[in-house]
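Below: query02.cif (mmCIF, C-alpha atoms; chains and numbers go by the auth columns)
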data_work
loop_
_atom_site.group_PDB
_atom_site.id
_atom_site.type_symbol
_atom_site.label_atom_id
_atom_site.label_comp_id
_atom_site.label_asym_id
_atom_site.label_seq_id
_atom_site.Cartn_x
_atom_site.Cartn_y
_atom_site.Cartn_z
_atom_site.B_iso_or_equiv
_atom_site.auth_seq_id
_atom_site.auth_asym_id
ATOM 1 C CA MET A 1 103.990 117.980 80.084 0.00 1 S
ATOM 2 C CA CYS A 2 107.121 120.154 80.119 0.00 2 S
ATOM 3 C CA GLN A 3 106.707 123.762 78.995 0.00 3 S
ATOM 4 C CA HIS A 4 110.419 124.657 79.195 0.00 4 S
ATOM 5 C CA GLN A 5 112.534 125.652 76.203 0.00 5 S
ATOM 6 C CA PRO A 6 114.482 123.606 75.400 0.00 6 S
ATOM 7 C CA VAL A 7 112.154 120.823 76.501 0.00 7 S
ATOM 8 C CA CYS A 8 113.356 118.756 79.474 0.00 8 S
ATOM 9 C CA PRO A 9 114.170 115.047 79.041 0.00 9 S
ATOM 10 C CA THR A 10 111.200 112.686 79.276 0.00 10 S
ATOM 11 C CA ALA A 11 110.748 110.199 82.112 0.00 11 S
ATOM 12 C CA GLU A 12 111.833 107.445 79.707 0.00 12 S
ATOM 13 C CA SER A 13 115.126 109.165 78.796 0.00 13 S
ATOM 14 C CA ALA A 14 118.433 108.042 80.268 0.00 14 S
ATOM 15 C CA ASP A 15 119.056 111.650 81.398 0.00 15 S
ATOM 16 C CA ARG A 16 115.602 112.049 83.031 0.00 16 S
ATOM 17 C CA GLU A 17 117.192 113.478 86.206 0.00 17 S
ATOM 18 C CA ALA A 18 118.221 116.578 84.223 0.00 18 S
ATOM 19 C CA ALA A 19 114.593 117.799 84.098 0.00 19 S
ATOM 20 C CA ARG A 20 113.758 120.926 86.078 0.00 20 S
ATOM 21 C CA LEU A 21 112.215 120.843 89.535 0.00 21 S
ATOM 22 C CA ALA A 22 108.451 121.256 89.729 0.00 22 S
ATOM 23 C CA ALA A 23 108.321 120.798 93.526 0.00 23 S
ATOM 24 C CA HIS A 24 111.106 120.380 96.089 0.00 24 S
ATOM 25 C CA HIS A 25 110.596 119.072 99.627 0.00 25 S
ATOM 26 C CA PRO A 26 114.040 118.447 101.161 0.00 26 S
ATOM 27 C CA GLU A 27 112.510 118.106 104.637 0.00 27 S
ATOM 28 C CA GLN A 28 110.604 115.069 103.333 0.00 28 S
ATOM 29 C CA GLY A 29 113.443 113.787 101.154 0.00 29 S
ATOM 30 C CA TRP A 30 111.897 114.058 97.681 0.00 30 S
ATOM 31 C CA SER A 31 111.529 116.281 94.640 0.00 31 S
ATOM 32 C CA LEU A 32 109.110 116.199 91.714 0.00 32 S
ATOM 33 C CA LEU A 33 110.630 116.877 88.322 0.00 33 S
ATOM 34 C CA CYS A 34 108.650 118.482 85.488 0.00 34 S
ATOM 35 C CA ASN A 35 108.703 115.173 83.590 0.00 35 S
ATOM 36 C CA GLY A 36 106.712 113.503 86.390 0.00 36 S
ATOM 37 C CA VAL A 37 109.636 111.662 88.011 0.00 37 S
ATOM 38 C CA LEU A 38 109.757 111.576 91.813 0.00 38 S
ATOM 39 C CA LEU A 39 113.409 111.816 92.799 0.00 39 S
ATOM 40 C CA PHE A 40 114.334 110.762 96.338 0.00 40 S
ATOM 41 C CA GLU A 41 117.336 112.009 98.311 0.00 41 S
ATOM 42 C CA ASP A 42 118.838 108.493 98.387 0.00 42 S
ATOM 43 C CA THR A 43 118.918 108.744 94.530 0.00 43 S
ATOM 44 C CA GLY A 44 116.020 106.325 94.084 0.00 44 S
ATOM 45 C CA GLU A 45 113.283 107.278 91.628 0.00 45 S
ATOM 46 C CA LEU A 46 109.617 106.590 91.008 0.00 46 S
ATOM 47 C CA LEU A 47 108.610 106.999 87.371 0.00 47 S
ATOM 48 C CA PRO A 48 105.148 108.203 86.298 0.00 48 S
ATOM 49 C CA ASP A 49 104.231 104.678 85.113 0.00 49 S
ATOM 50 C CA GLY A 50 104.936 103.276 88.609 0.00 50 S
ATOM 51 C CA GLN A 51 108.329 101.781 87.760 0.00 51 S
ATOM 52 C CA ILE A 52 110.845 101.947 90.616 0.00 52 S
ATOM 53 C CA ILE A 53 114.480 102.822 89.996 0.00 53 S
ATOM 54 C CA ALA A 54 116.694 101.646 92.854 0.00 54 S
ATOM 55 C CA PRO A 55 119.101 104.122 94.481 0.00 55 S
ATOM 56 C CA HIS A 56 122.246 104.527 92.417 0.00 56 S
ATOM 57 C CA ARG A 57 124.744 106.532 94.406 0.00 57 S
ATOM 58 C CA PRO A 58 128.176 106.867 92.845 0.00 58 S
ATOM 59 C CA SER A 59 130.826 104.711 94.470 0.00 59 S
ATOM 60 C CA ALA A 60 133.645 106.440 96.317 0.00 60 S
ATOM 61 C CA SER A 61 136.793 106.455 94.236 0.00 61 S
ATOM 62 C CA GLY A 62 139.155 107.813 96.880 0.00 62 S
ATOM 63 C CA PRO A 63 140.606 106.178 99.973 0.00 63 S
ATOM 64 C CA VAL A 64 138.421 105.815 103.046 0.00 64 S
ATOM 65 C CA MET A 65 139.698 107.657 106.095 0.00 65 S
ATOM 66 C CA THR A 66 138.893 106.756 109.693 0.00 66 S
ATOM 67 C CA ALA A 67 139.325 108.792 112.842 0.00 67 S
ATOM 68 C CA ALA A 68 142.027 107.691 115.272 0.00 68 S
#
Render the structure in this file as structure tokens.
Amino acid sequence: MCQHQPVCPTAESADREAARLAAHHPEQGWSLLCNGVLLFEDTGELLPDGQIIAPHRPSASGPVMTAA
């Protein structure tokens, strides 16, 4: 599917999110990668085979600050 050189990671690869954008719709909250993965702004993913990857945002490592 990918025509880039070097070829982008496949949808089955652990680094699938490194594939290039084929379509980007930030107003709708999703992007289509050239490997067929739909990437959502909440970090969830829909793979070409229909498998759902739950959102996986990194956890905050610093202290939480609150306004007084």
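Surrounding segment 17-33 of chain S within 10 Å are Cys2, His4, Val7, Cys8, Pro9, Thr10, Ala11, Leu38, Leu39, Phe40, Glu41, Asp42, Thr43, Gly44, Glu45 and Leu46 of chain S, with only C-alpha atoms counted and residues fewer than 5 positions along the same chain left out.
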**Report entry** Pairwise distance for atom CA of Gln5 of chain S and atom CA of Ile52 of chain S, rounded to one decimal in Å
**Finding:** 27.8 Å
Report task. Can you work out the spacing between atom CA of Ala54 of chain S and atom CA of Cys34 of chain S in Å, to one decimal? Result -> 20.1 Å
Using all atoms of segment 25-28 of chain S that appear in the file, construct an axis-aligned enclosing box with 6 Å of padding on every side and provide its centre coordinates and edge lengths in Å, rounded to one decimal, as lines of an AutoDock Vina configuration file.
center_x = 112.3
center_y = 117.1
center_z = 102.1
size_x = 15.4
size_y = 16.0
size_z = 17.0
